[in-house]
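Novice: Please find work09.txt (compact mmCIF, C-alpha atoms and all ligand atoms) on the next line:
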# COMPACT_ATOMS: atom_id res chain seq x y z
CA MET R 1 131.20 -75.93 76.63
CA THR R 2 134.96 -75.74 77.21
CA ARG R 3 135.85 -72.97 79.63
CA LEU R 4 139.29 -71.42 78.96
CA SER R 5 141.23 -69.03 81.12
CA SER R 6 144.21 -66.93 80.08
CA ALA R 7 146.68 -65.62 82.67
CA LYS R 8 149.71 -63.32 82.35
CA ALA R 9 152.06 -64.82 79.77
CA THR R 10 155.82 -65.23 79.84
CA PRO R 11 157.60 -63.67 76.81
CA LEU R 12 156.43 -65.23 73.52
CA VAL R 13 159.41 -66.67 71.67
CA GLY R 14 159.63 -68.97 68.67
CA MET R 15 158.82 -69.65 65.04
CA VAL R 16 155.43 -71.14 64.09
CA ALA R 17 153.30 -71.82 61.03
CA ILE R 18 149.76 -70.48 61.12
CA PRO R 19 146.90 -72.77 59.92
CA GLY R 20 145.60 -72.29 56.37
CA ASP R 21 143.47 -69.36 55.29
CA LYS R 22 139.77 -70.02 55.88
CA SER R 23 138.52 -67.93 52.95
CA ILE R 24 140.93 -69.58 50.53
CA SER R 25 140.29 -73.08 51.93
CA HIS R 26 136.51 -72.88 51.35
CA ARG R 27 137.11 -71.63 47.82
CA ALA R 28 139.75 -74.25 46.97
CA LEU R 29 137.31 -77.07 47.82
CA MET R 30 134.35 -75.40 46.10
CA PHE R 31 136.14 -74.44 42.90
CA GLY R 32 137.89 -77.82 42.75
CA SER R 33 134.42 -79.40 42.94
CA LEU R 34 133.31 -77.29 39.95
CA ALA R 35 136.42 -78.11 37.89
CA ILE R 36 137.10 -81.05 35.62
CA GLY R 37 139.88 -83.29 36.91
CA GLU R 38 141.75 -83.72 40.16
CA THR R 39 142.63 -80.69 42.28
CA LYS R 40 145.28 -81.17 45.00
CA VAL R 41 145.17 -78.73 47.90
CA THR R 42 148.16 -78.24 50.21
CA GLY R 43 147.84 -76.48 53.56
CA LEU R 44 144.03 -76.65 53.71
CA LEU R 45 142.59 -75.34 56.98
CA GLU R 46 141.20 -78.41 58.73
CA GLY R 47 138.87 -76.36 60.90
CA GLU R 48 135.24 -77.26 61.48
CA ASP R 49 133.96 -74.65 59.01
CA VAL R 50 135.99 -76.03 56.12
CA LEU R 51 135.19 -79.65 57.03
CA ALA R 52 131.49 -78.71 56.82
CA THR R 53 132.09 -77.32 53.32
CA ALA R 54 133.85 -80.56 52.32
CA GLU R 55 130.88 -82.61 53.54
CA ALA R 56 128.35 -80.40 51.69
CA LEU R 57 130.36 -80.78 48.48
CA ARG R 58 130.37 -84.57 48.89
CA ILE R 59 126.58 -84.53 49.26
CA LEU R 60 126.46 -82.53 46.00
CA GLY R 61 128.43 -85.23 44.22
CA ALA R 62 132.07 -84.12 44.33
CA LYS R 63 134.78 -86.48 45.63
CA VAL R 64 136.61 -84.70 48.45
CA THR R 65 139.18 -86.73 50.38
CA ARG R 66 142.16 -86.22 52.67
CA GLU R 67 145.30 -88.01 51.47
CA GLU R 68 147.78 -89.68 53.79
CA ASP R 69 150.34 -86.93 53.18
CA GLY R 70 147.88 -84.34 54.55
CA ARG R 71 146.99 -82.93 51.15
CA TRP R 72 143.34 -82.83 50.07
CA LYS R 73 142.14 -84.24 46.76
CA VAL R 74 139.03 -82.97 45.01
CA ILE R 75 137.55 -84.64 41.94
CA GLY R 76 135.14 -82.15 40.48
CA ARG R 77 131.92 -82.45 38.50
CA GLY R 78 132.38 -79.46 36.17
CA VAL R 79 130.46 -76.16 36.16
CA GLY R 80 126.74 -76.85 36.64
CA GLY R 81 127.42 -80.52 37.39
CA PHE R 82 126.22 -80.88 41.00
CA ILE R 83 123.49 -83.42 41.79
CA GLU R 84 120.36 -82.77 43.84
CA PRO R 85 121.33 -83.23 47.49
CA HIS R 86 119.45 -85.95 49.34
CA GLU R 87 120.36 -84.43 52.71
CA VAL R 88 120.21 -81.00 54.30
CA LEU R 89 123.46 -79.09 53.73
CA ASN R 90 124.75 -78.05 57.16
CA MET R 91 127.18 -75.16 56.80
CA GLY R 92 128.04 -75.07 60.53
CA ASN R 93 129.20 -71.64 61.68
CA ALA R 94 130.40 -70.33 58.31
CA GLY R 95 128.77 -67.37 56.59
CA THR R 96 131.26 -67.67 53.75
CA ALA R 97 130.39 -71.31 53.09
CA ALA R 98 126.64 -70.66 53.25
CA ARG R 99 126.64 -67.61 51.00
CA LEU R 100 129.08 -68.92 48.40
CA MET R 101 127.22 -72.21 48.25
CA MET R 102 123.95 -70.31 47.72
CA GLY R 103 125.61 -68.63 44.73
CA ILE R 104 126.65 -71.97 43.25
CA LEU R 105 123.24 -73.57 43.88
CA ALA R 106 121.38 -70.59 42.38
CA SER R 107 122.26 -71.86 38.91
CA HIS R 108 121.63 -75.57 39.56
CA PRO R 109 118.03 -76.47 38.60
CA PHE R 110 116.98 -78.35 41.74
CA THR R 111 116.01 -77.66 45.33
CA SER R 112 118.54 -77.77 48.17
CA PHE R 113 117.96 -77.29 51.88
CA MET R 114 120.53 -75.47 53.98
CA THR R 115 121.04 -74.92 57.70
CA GLY R 116 123.78 -74.02 60.16
CA ASP R 117 124.46 -73.49 63.86
CA ALA R 118 122.56 -70.98 66.00
CA SER R 119 124.98 -68.19 65.03
CA LEU R 120 124.70 -68.79 61.28
CA CYS R 121 120.91 -69.17 61.54
CA SER R 122 120.72 -65.64 62.96
CA ARG R 123 122.68 -63.96 60.15
CA PRO R 124 121.18 -61.99 57.23
CA MET R 125 120.90 -63.87 53.94
CA GLU R 126 118.74 -61.37 52.03
CA ARG R 127 121.96 -59.66 50.90
CA VAL R 128 122.75 -62.69 48.71
CA MET R 129 119.20 -63.73 47.87
CA LYS R 130 118.43 -60.36 46.28
CA PRO R 131 120.96 -60.65 43.42
CA LEU R 132 120.47 -64.43 43.15
CA ARG R 133 116.74 -63.93 42.43
CA GLU R 134 117.87 -61.89 39.39
CA VAL R 135 119.79 -64.97 38.22
CA GLY R 136 116.52 -66.93 38.45
CA ALA R 137 116.78 -68.66 41.83
CA SER R 138 113.95 -68.70 44.37
CA PHE R 139 114.05 -69.11 48.14
CA LEU R 140 111.94 -70.11 51.08
CA THR R 141 113.37 -68.93 54.39
CA ARG R 142 112.63 -68.41 58.04
CA SER R 143 111.54 -64.89 59.05
CA GLN R 144 113.91 -62.05 58.08
CA GLY R 145 115.53 -64.20 55.42
CA ARG R 146 117.36 -66.43 57.88
CA LEU R 147 118.46 -70.05 57.70
CA PRO R 148 117.28 -72.78 57.53
CA LEU R 149 116.25 -72.12 53.95
CA ALA R 150 115.38 -73.86 50.72
CA ILE R 151 116.89 -72.70 47.46
CA THR R 152 115.59 -73.70 44.05
CA GLY R 153 118.11 -72.93 41.34
CA ALA R 154 117.28 -71.49 37.93
CA VAL R 155 116.62 -73.84 35.00
CA ASP R 156 118.04 -71.28 32.58
CA SER R 157 120.24 -68.98 34.63
CA LEU R 158 120.58 -65.36 33.58
CA PRO R 159 123.74 -63.30 33.75
CA THR R 160 123.37 -60.26 35.98
CA GLU R 161 125.00 -56.93 36.75
CA TYR R 162 125.04 -56.07 40.42
CA VAL R 163 126.32 -53.07 42.37
CA LEU R 164 127.30 -54.22 45.87
CA PRO R 165 125.36 -52.23 48.49
CA VAL R 166 127.82 -53.38 51.21
CA ALA R 167 131.55 -54.13 50.88
CA SER R 168 131.10 -57.89 51.15
CA ALA R 169 133.31 -60.46 49.46
CA GLN R 170 130.70 -63.08 50.25
CA VAL R 171 127.99 -61.28 48.27
CA LYS R 172 130.42 -60.52 45.44
CA SER R 173 131.49 -64.16 45.32
CA ALA R 174 127.92 -65.50 45.42
CA VAL R 175 127.00 -63.43 42.35
CA LEU R 176 130.13 -64.45 40.45
CA LEU R 177 129.64 -68.13 41.28
CA ALA R 178 126.04 -68.00 40.08
CA GLY R 179 127.35 -66.40 36.88
CA LEU R 180 129.67 -69.35 36.26
CA ASN R 181 126.72 -71.41 35.05
CA ALA R 182 124.91 -68.61 33.16
CA PRO R 183 125.54 -67.65 29.55
CA GLY R 184 127.08 -64.26 28.75
CA GLU R 185 128.79 -61.88 31.12
CA THR R 186 128.10 -61.47 34.82
CA ARG R 187 129.30 -58.20 36.27
CA VAL R 188 129.81 -57.07 39.86
CA ILE R 189 130.62 -53.47 40.71
CA GLU R 190 132.16 -52.95 44.12
CA PRO R 191 132.28 -49.31 45.29
CA THR R 192 134.94 -50.28 47.88
CA PRO R 193 137.31 -53.15 47.03
CA CYS R 194 137.04 -56.14 49.35
CA ARG R 195 138.97 -59.43 49.47
CA ASP R 196 139.46 -60.80 45.97
CA HIS R 197 140.26 -64.48 46.57
CA THR R 198 137.35 -65.55 44.36
CA GLU R 199 138.62 -63.52 41.41
CA LEU R 200 142.22 -64.69 41.85
CA MET R 201 141.34 -68.34 42.29
CA LEU R 202 138.72 -68.55 39.53
CA ARG R 203 141.39 -67.20 37.19
CA HIS R 204 143.80 -69.83 38.54
CA PHE R 205 141.22 -72.49 37.56
CA GLY R 206 141.00 -71.05 34.03
CA ALA R 207 137.93 -68.78 34.16
CA ASN R 208 137.87 -65.67 32.01
CA ILE R 209 137.57 -62.93 34.61
CA THR R 210 138.67 -59.31 34.30
CA VAL R 211 138.94 -56.62 36.95
CA ALA R 212 138.81 -52.93 35.97
CA LYS R 213 139.50 -50.04 38.33
CA ASN R 214 136.72 -47.45 38.41
CA GLU R 215 137.28 -43.70 38.66
CA ASP R 216 135.70 -43.58 42.13
CA GLY R 217 138.24 -46.10 43.51
CA GLY R 218 135.89 -49.08 43.15
CA ARG R 219 136.25 -52.05 40.82
CA THR R 220 134.19 -53.74 38.13
CA ILE R 221 134.60 -57.51 37.90
CA THR R 222 133.43 -59.21 34.73
CA LEU R 223 133.12 -62.98 34.40
CA LYS R 224 132.42 -64.82 31.13
CA GLY R 225 129.91 -67.52 31.93
CA GLN R 226 130.04 -71.25 31.27
CA PRO R 227 133.81 -71.72 31.24
CA GLU R 228 135.37 -75.13 31.58
CA LEU R 229 137.23 -74.92 34.88
CA THR R 230 140.32 -77.12 34.91
CA ALA R 231 141.71 -78.74 38.05
CA VAL R 232 144.90 -77.12 39.37
CA ASP R 233 147.00 -77.42 42.49
CA VAL R 234 146.34 -74.88 45.25
CA ASN R 235 148.75 -73.98 48.05
CA VAL R 236 146.78 -72.36 50.85
CA PRO R 237 148.81 -69.71 52.73
CA GLY R 238 148.52 -69.19 56.50
CA ASP R 239 145.48 -67.12 57.45
CA PRO R 240 146.35 -63.46 58.21
CA SER R 241 143.17 -63.28 60.30
CA SER R 242 144.48 -66.13 62.49
CA ALA R 243 148.02 -64.69 62.52
CA ALA R 244 146.44 -61.59 64.05
CA PHE R 245 146.18 -63.29 67.47
CA PRO R 246 149.84 -64.28 67.99
CA ILE R 247 150.86 -60.97 66.39
CA VAL R 248 148.93 -58.84 68.89
CA ALA R 249 149.96 -61.14 71.76
CA ALA R 250 153.66 -60.81 70.82
CA LEU R 251 153.37 -57.03 70.53
CA LEU R 252 151.73 -56.75 73.95
CA VAL R 253 153.69 -59.27 76.05
CA PRO R 254 157.05 -57.66 76.97
CA ASP R 255 160.28 -59.19 75.59
CA SER R 256 158.52 -61.27 72.92
CA HIS R 257 160.08 -62.15 69.58
CA VAL R 258 158.01 -64.34 67.26
CA THR R 259 158.27 -65.40 63.61
CA LEU R 260 155.15 -66.55 61.76
CA THR R 261 155.92 -68.35 58.50
CA ASN R 262 153.98 -68.44 55.23
CA VAL R 263 151.30 -65.87 56.11
CA GLY R 264 148.95 -64.64 53.36
CA LEU R 265 149.62 -60.98 52.55
CA ASN R 266 146.86 -60.20 50.07
CA PRO R 267 146.66 -56.37 50.27
CA LEU R 268 142.89 -56.59 50.74
CA ARG R 269 143.51 -58.52 53.98
CA THR R 270 146.37 -56.64 55.62
CA GLY R 271 144.65 -53.58 57.12
CA LEU R 272 145.42 -54.78 60.65
CA PHE R 273 149.16 -55.04 59.99
CA GLN R 274 149.19 -51.48 58.66
CA THR R 275 147.18 -50.24 61.66
CA LEU R 276 149.42 -51.98 64.19
CA GLN R 277 152.50 -50.53 62.47
CA GLU R 278 150.92 -47.05 62.69
CA MET R 279 150.40 -47.71 66.42
CA GLY R 280 154.14 -48.31 66.72
CA GLY R 281 154.11 -52.10 66.39
CA ASN R 282 157.41 -53.68 65.36
CA ILE R 283 156.27 -56.02 62.56
CA SER R 284 158.52 -56.77 59.60
CA ILE R 285 157.96 -58.90 56.54
CA GLU R 286 160.61 -61.26 55.20
CA ASN R 287 160.82 -63.69 52.32
CA GLN R 288 157.90 -62.19 50.33
CA ARG R 289 156.74 -64.29 47.36
CA ILE R 290 153.67 -65.16 45.24
CA GLU R 291 151.94 -68.56 45.55
CA ALA R 292 148.87 -69.51 43.46
CA GLY R 293 148.37 -65.82 42.66
CA GLU R 294 148.44 -64.79 46.33
CA PRO R 295 151.27 -62.83 48.01
CA VAL R 296 152.76 -64.56 51.08
CA GLY R 297 155.66 -63.90 53.45
CA ASP R 298 157.07 -64.47 56.93
CA LEU R 299 156.25 -61.99 59.69
CA VAL R 300 158.67 -61.10 62.46
CA ILE R 301 157.09 -59.46 65.52
CA LYS R 302 158.83 -57.88 68.52
CA SER R 303 157.04 -56.44 71.55
CA SER R 304 156.35 -52.75 71.28
CA ASN R 305 154.81 -49.86 73.17
CA LEU R 306 151.65 -49.07 71.21
CA LYS R 307 149.93 -45.70 70.81
CA GLY R 308 146.26 -45.05 70.03
CA VAL R 309 145.42 -44.13 66.42
CA GLU R 310 142.47 -43.20 64.22
CA VAL R 311 141.48 -46.12 61.97
CA PRO R 312 139.79 -44.72 58.84
CA PRO R 313 136.45 -46.26 57.74
CA GLU R 314 137.73 -47.06 54.24
CA ARG R 315 140.19 -49.51 55.79
CA ALA R 316 137.40 -51.62 57.31
CA PRO R 317 137.00 -54.10 54.41
CA SER R 318 140.69 -55.03 54.57
CA MET R 319 140.57 -55.80 58.30
CA ILE R 320 136.90 -56.51 58.98
CA ASP R 321 137.59 -59.70 60.97
CA GLU R 322 140.43 -58.11 62.93
CA TYR R 323 138.60 -55.39 64.92
CA PRO R 324 138.07 -57.64 67.96
CA VAL R 325 141.79 -58.27 68.41
CA LEU R 326 142.70 -54.70 67.42
CA ALA R 327 140.42 -53.51 70.23
CA MET R 328 142.49 -55.64 72.67
CA ALA R 329 145.69 -53.99 71.40
CA ALA R 330 144.03 -50.58 71.74
CA ALA R 331 143.05 -51.39 75.34
CA CYS R 332 146.76 -51.69 76.21
CA ALA R 333 147.98 -48.78 74.06
CA GLU R 334 148.62 -45.26 75.27
CA GLY R 335 145.75 -42.94 74.29
CA GLN R 336 142.58 -43.24 72.28
CA THR R 337 142.01 -45.54 69.29
CA ARG R 338 138.98 -44.52 67.24
CA MET R 339 137.46 -47.02 64.80
CA THR R 340 134.67 -45.96 62.43
CA GLY R 341 132.72 -47.57 59.58
CA LEU R 342 132.02 -50.68 61.66
CA SER R 343 128.37 -51.42 60.80
CA GLU R 344 129.27 -54.83 59.32
CA LEU R 345 130.63 -55.93 62.71
CA ARG R 346 127.03 -56.15 63.91
CA VAL R 347 126.22 -59.05 61.54
CA LYS R 348 129.24 -61.30 61.98
CA GLU R 349 129.27 -64.57 63.96
CA SER R 350 127.95 -62.36 66.81
CA ASP R 351 127.22 -58.65 67.14
CA ARG R 352 130.93 -58.08 67.53
CA LEU R 353 130.69 -54.37 68.20
CA ALA R 354 128.44 -54.88 71.23
CA ALA R 355 130.42 -57.91 72.41
CA ILE R 356 133.78 -56.11 72.27
CA VAL R 357 132.43 -53.05 74.09
CA ASN R 358 130.72 -55.06 76.84
CA GLY R 359 133.68 -57.41 77.28
CA LEU R 360 136.23 -54.61 77.48
CA LYS R 361 134.07 -52.71 80.00
CA ALA R 362 133.89 -55.86 82.13
CA CYS R 363 137.72 -55.94 82.02
CA GLY R 364 137.93 -52.36 83.31
CA VAL R 365 138.68 -50.67 79.98
CA ASP R 366 137.29 -47.23 79.12
CA VAL R 367 135.34 -47.61 75.85
CA GLY R 368 132.75 -45.63 73.91
CA SER R 369 130.54 -46.75 71.05
CA GLY R 370 127.72 -45.89 68.68
CA GLU R 371 125.86 -47.68 65.90
CA ASP R 372 128.98 -48.05 63.71
CA TRP R 373 131.92 -46.75 65.72
CA MET R 374 133.96 -47.53 68.79
CA THR R 375 136.62 -45.75 70.82
CA VAL R 376 139.02 -47.51 73.17
CA ASN R 377 140.94 -45.40 75.66
CA GLY R 378 144.11 -47.21 76.63
CA LYS R 379 146.35 -46.16 79.51
CA GLY R 380 149.57 -47.62 78.14
CA LYS R 381 149.52 -50.31 80.83
CA PRO R 382 147.79 -53.67 81.34
CA PRO R 383 144.04 -53.47 81.96
CA GLN R 384 142.48 -54.98 85.04
CA GLY R 385 140.93 -58.05 83.29
CA GLY R 386 139.39 -60.60 85.63
CA ALA R 387 136.11 -60.99 83.74
CA MET R 388 134.16 -63.96 82.38
CA ILE R 389 133.33 -63.34 78.72
CA ALA R 390 130.60 -65.17 76.75
CA SER R 391 132.08 -66.28 73.44
CA GLN R 392 128.62 -66.42 71.75
CA LEU R 393 129.68 -69.11 69.20
CA ASP R 394 132.20 -66.57 67.90
CA HIS R 395 135.75 -67.90 67.46
CA ARG R 396 137.35 -64.47 67.03
CA LEU R 397 135.75 -63.04 70.17
CA ALA R 398 137.00 -66.04 72.12
CA MET R 399 140.60 -65.73 70.89
CA SER R 400 140.65 -61.94 71.26
CA PHE R 401 139.69 -61.98 74.93
CA LEU R 402 142.20 -64.76 75.60
CA VAL R 403 144.85 -62.42 74.14
CA LEU R 404 143.72 -59.69 76.55
CA GLY R 405 144.13 -62.11 79.46
CA MET R 406 147.80 -62.62 78.47
CA VAL R 407 148.61 -59.10 79.67
CA SER R 408 145.81 -58.23 82.13
CA ASP R 409 146.38 -57.94 85.88
CA GLU R 410 143.80 -60.71 86.47
CA PRO R 411 143.16 -63.72 84.17
CA VAL R 412 140.40 -63.40 81.56
CA THR R 413 138.05 -66.39 81.16
CA ILE R 414 135.79 -67.30 78.26
CA ASP R 415 132.77 -69.49 78.88
CA ASP R 416 133.29 -71.63 75.78
CA GLY R 417 136.46 -72.08 73.76
CA SER R 418 135.07 -74.72 71.41
CA PRO R 419 134.18 -72.21 68.61
CA ILE R 420 137.93 -71.64 68.17
CA ASN R 421 138.04 -74.95 66.27
CA THR R 422 136.05 -73.41 63.41
CA SER R 423 139.05 -71.36 62.24
CA PHE R 424 142.13 -72.07 64.39
CA PRO R 425 142.43 -75.71 65.46
CA GLY R 426 145.39 -76.09 67.82
CA PHE R 427 145.24 -72.43 68.94
CA VAL R 428 145.76 -73.14 72.64
CA ASP R 429 148.76 -75.46 72.12
CA LEU R 430 150.36 -73.16 69.54
CA MET R 431 150.04 -70.14 71.82
CA ASN R 432 151.13 -71.99 74.99
CA ASN R 433 154.21 -73.35 73.16
CA LEU R 434 155.15 -69.73 72.44
CA GLY R 435 154.82 -68.75 76.11
CA THR R 436 151.19 -68.02 76.95
CA LYS R 437 149.27 -69.51 79.86
CA ILE R 438 145.87 -70.63 78.63
CA SER R 439 144.28 -73.42 80.65
C1 LIG Z 1 134.84 -63.58 53.88
C2 LIG Z 1 134.33 -62.33 53.78
C3 LIG Z 1 134.06 -61.46 54.93
C4 LIG Z 1 134.71 -61.98 56.21
C5 LIG Z 1 134.54 -63.45 56.37
C6 LIG Z 1 135.16 -64.18 55.20
C7 LIG Z 1 135.07 -64.37 52.65
O1 LIG Z 1 132.65 -61.41 55.14
O2 LIG Z 1 134.19 -61.30 57.34
O3 LIG Z 1 135.14 -63.90 57.57
O4 LIG Z 1 135.76 -65.40 52.71
O5 LIG Z 1 134.58 -63.97 51.59
P1 LIG Z 1 131.72 -60.35 54.34
O6 LIG Z 1 131.74 -60.71 52.91
O7 LIG Z 1 130.35 -60.53 54.94
O8 LIG Z 1 132.32 -59.02 54.63
Now that the file is in, can you turn its structure into C-alpha cells?
Ligand code: S3P

Specialist:
Amino acid sequence: MTRLSSAKATPLVGMVAIPGDKSISHRALMFGSLAIGETKVTGLLEGEDVLATAEALRILGAKVTREEDGRWKVIGRGVGGFIEPHEVLNMGNAGTAARLMMGILASHPFTSFMTGDASLCSRPMERVMKPLREVGASFLTRSQGRLPLAITGAVDSLPTEYVLPVASAQVKSAVLLAGLNAPGETRVIEPTPCRDHTELMLRHFGANITVAKNEDGGRTITLKGQPELTAVDVNVPGDPSSAAFPIVAALLVPDSHVTLTNVGLNPLRTGLFQTLQEMGGNISIENQRIEAGEPVGDLVIKSSNLKGVEVPPERAPSMIDEYPVLAMAAACAEGQTRMTGLSELRVKESDRLAAIVNGLKACGVDVGSGEDWMTVNGKGKPPQGGAMIASQLDHRLAMSFLVLGMVSDEPVTIDDGSPINTSFPGFVDLMNNLGTKIS
C-alpha cells in the first residue's frame, strides 16, 4: 500500500507527453502475436496491465520483447497458432486483457486457465462467455461466472452473429477475435457504437473487416474469418483516458496553461473533451493528424470557470472511463451536473458510481445518485476535501481523487496509489513537474 496525498497545487504549466493508450497497447501486442512476421510497436504503454498481457502472450508461444530503443518487438504465430499454456494466465487488473484473450482462446482447441487480481476476479465474465459458447468454447468458472476460470476452445470454431446487449468494446472485440479463427463471416451488431480500436487495428494488420451504419444509429461489423494477418508497425498514441487527469487538473487550478502532445482523438473516446468544452473548459486541439488509422493531436488547456451541464446517456460509451474525473470537475463547477446512463460504471475495476458518490460526500460535496445516474452540485469554488479515500484497486478512482485534492481546501489522501501503475506509470512525477503537490 502506497498512501498518496494531494494538496493545493501551484499553477500547472508546461508541455508533456501522455503515456500510450492502454486499449491500443493491449491490442497491438495481441494482434502482433496473431500475425505472421515481426511487428514493431512504438509508444507502447509500459503499465502493469499491458506487461501482464505481454507475459500471457509469451506463455502462449509468441515472442514479445522490449528493444533497447524502447520499441517493442512481437514475433507472431499466425491466426490459430497459439500453443497450450503450461501456466495459468494472470491478466492482473485488466478486464480488456482478460476478455479479449478469452475471445482469442475460444477458437484454440485446448484448455487454458486464467486469473487476475481481486478486482478482476470480481468482474462479470458471462457477457463474453455467452457469445463465445456459440463459437464452440466451453468454460468452468467460479460462482457468477467470475475468474479464475478455465476455457476450452472449439476444435472447429463456428462463425457467429451477435447483437451486443451492452455497449462494450470488450465484448465486441472478444467475438471478433474468436471469429478470426472460424471459417465464414462473423458479425457483431452494436446498437450504440463503442470504441473501435479492434476494427481499425485488425484492418491495419490486413483482416477483411467492414463496418456498416445501421438505420437506428448502430453499426454492423463483419469479419471474414481465417485471414492471414501480416505484421505491421504500430504507433500507439497517448491515452485520452490518461490525458483526462492533467486536463481536468489544468482546467481547475487557476492560471494553468498545459500542452499535452500526441493524444489519441478517436471520436469514440472523446466524450469527456466535448463535455468539458460544454462546461466552459478552454481546450483546443492543434496539429491534428492520422497515425495507424487513429486520429491524434496536441491538446492545449487553460484554466477555466466551469458550469454544470447535463451529460446525455448516449455519450456514455465515448467517455465511460472518464466519469470519475468528470465528477471531480463537476464538484468545482458552478451548478448541477447530471450524468445518466451510468449502469456500466458499477462493473468497472470497482463499483465506480458508489465510490465516486461516497468519496465526494466525504469531501463535502453535495451529490445525488440512483442505480444508473449521478448528480453533482458544485458551488463554483473549491470543495472542502480533507478525506481519506479507498482506491479499491482502481487506478482511475485513485487519480481522480488526487485531482480533487489539487484544488480542495484540505488535502485529499488515497489509501493506496499503487494501482495507478496499471495505466499511468509516472503519474505522480509528471503531475508534480507541472505544478501539483502530490506526496
Ligand atoms: C475497453 C473498453 C471499455 C473500457 C475499458 C477498455 C477496451 O470497457 O471501460 O477501460 O479496451 O475495449 P467495456 O468494453 O466493458 O465498456

Novice: Figure out the distance between CA of Leu45 (chain R) and CA of Ala118 (chain R), please, to one decimal in Å.

Specialist: 22.4 Å

Novice: Excluding Leu353 (chain R) and residues on its chain fewer than 4 positions from it, collect all residues at most 8 Å away from it, counting all atoms listed in the file, and give them as a list in words.

Specialist: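 Returned residues: Leu342, Leu345, Arg346, Val357, Asp372 and Met374 of chain R.
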
Novice: Could those selected residues go to a file with C-alpha atoms, as a PDB file, keeping the file's coordinate frame?

Specialist:
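Result file is result.pdb:
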ATOM      1  CA  LEU R 342     132.020 -50.680  61.660  1.00  0.00           C
ATOM      2  CA  LEU R 345     130.630 -55.930  62.710  1.00  0.00           C
ATOM      3  CA  ARG R 346     127.030 -56.150  63.910  1.00  0.00           C
ATOM      4  CA  VAL R 357     132.430 -53.050  74.090  1.00  0.00           C
ATOM      5  CA  ASP R 372     128.980 -48.050  63.710  1.00  0.00           C
ATOM      6  CA  MET R 374     133.960 -47.530  68.790  1.00  0.00           C
TER       7      MET R 374
END

Novice: Hey, what's within 9 Å of Met328 (chain R) if we count all atoms listed in the file and toss same-chain stuff fewer than 6 positions away? As a list in words, please?

Specialist: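 So the residues in contact are Val248, Ile356, Leu360, Val376, Ser400, Phe401, Val403 and Leu404 of chain R.
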
Novice: Within 9 Å of ligand LIG 1 (chain Z) (counting all atoms listed in the file), which residues show up? I'd like them as a VMD selection string.

Specialist: chain R and resid 22 to 27 94 to 97 99 to 100 166 to 173 194 to 198 241 317 319 to 322 344 to 345 347 to 349

Novice: Just the number, please: distance in Å from CA of Asn181 (chain R) to CA of Gly80 (chain R), one decimal.

Specialist: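 Going from CA of Asn181 (chain R) over to CA of Gly80 (chain R), I get 5.7 Å.
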
Novice: Do you know which residues lie at most 9 Å from (125.7, -53.5, 42.2), with coordinates as in the file and only C-alpha atoms counted, and could you write them as a PyMOL selection string?

Specialist: chain R and resi 131+161-165+187-191

Novice: Between R:Val236, R:Arg396, R:Val309, R:Met279, which has the minimum distance to Tyr323 (chain R) (counting all atoms listed in the file)?

Specialist: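 For Tyr323 (chain R), the nearest of the candidates is R:Arg396.
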
Novice: State, in Å with one decimal place, the distance from CA of Ala17 (chain R) to CA of Val232 (chain R).

Specialist: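 Distance reported for this atom pair: 23.8 Å.
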
Novice: If we count only C-alpha atoms and set the cut-off at 12 Å, which residues sit around Asn93 (chain R), ignoring sequence neighbours fewer than 4 positions away in its own chain? Please answer as number ranges by chain.

Specialist: R: 47-53, 97-99, 115-123, 147, 348-350, 392-395, 418-423

Novice: Please identify all polymer residues lying at most 10 Å from the point (139.7, -86.4, 49.6) (file coordinates), using all atoms listed in the file, and present the result as a list in words.

Specialist: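 So the residues meeting the distance criterion are Leu29, Thr39, Lys40, Val41, Ala54, Arg58, Ala62, Lys63, Val64, Thr65, Arg66, Glu67, Glu68, Gly70, Arg71, Trp72, Lys73, Val74 and Ile75 of chain R.
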
Novice: Hey, which of R:Glu310, R:Asp21, R:Glu291, R:Asp239 ends up closest to Glu278 (chain R)? Count all atoms listed in the file.

Specialist: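 Of R:Glu310, R:Asp21, R:Glu291, R:Asp239, the one nearest Glu278 (chain R), counting all atoms listed in the file, is R:Glu310.
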
Novice: Which of these residues is nearest to Ser5 (chain R), using only C-alpha atoms: R:Glu134, R:Ile301, R:Leu402, R:Thr261?

Specialist: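 Of R:Glu134, R:Ile301, R:Leu402, R:Thr261, the one nearest Ser5 (chain R) is R:Leu402, counting only C-alpha atoms.
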
Novice: Identify, on the basis of only C-alpha atoms, every residue whose closest approach to Thr10 (chain R) does not exceed 7 Å; exclude the query and any residue fewer than 2 positions from it along the same chain; express the result as a list in words.

Specialist: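 The residues satisfying every condition are Lys8, Leu12, Gly435 and Thr436 of chain R.
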
Novice: Tell me, as a list in words, which residues lie within 6 Å of Ser157 (chain R), counting only C-alpha atoms; anything in the same chain fewer than 4 positions away does not count.

Specialist: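 That gives Ser107, Val135, Gly136 and Ala182 of chain R.
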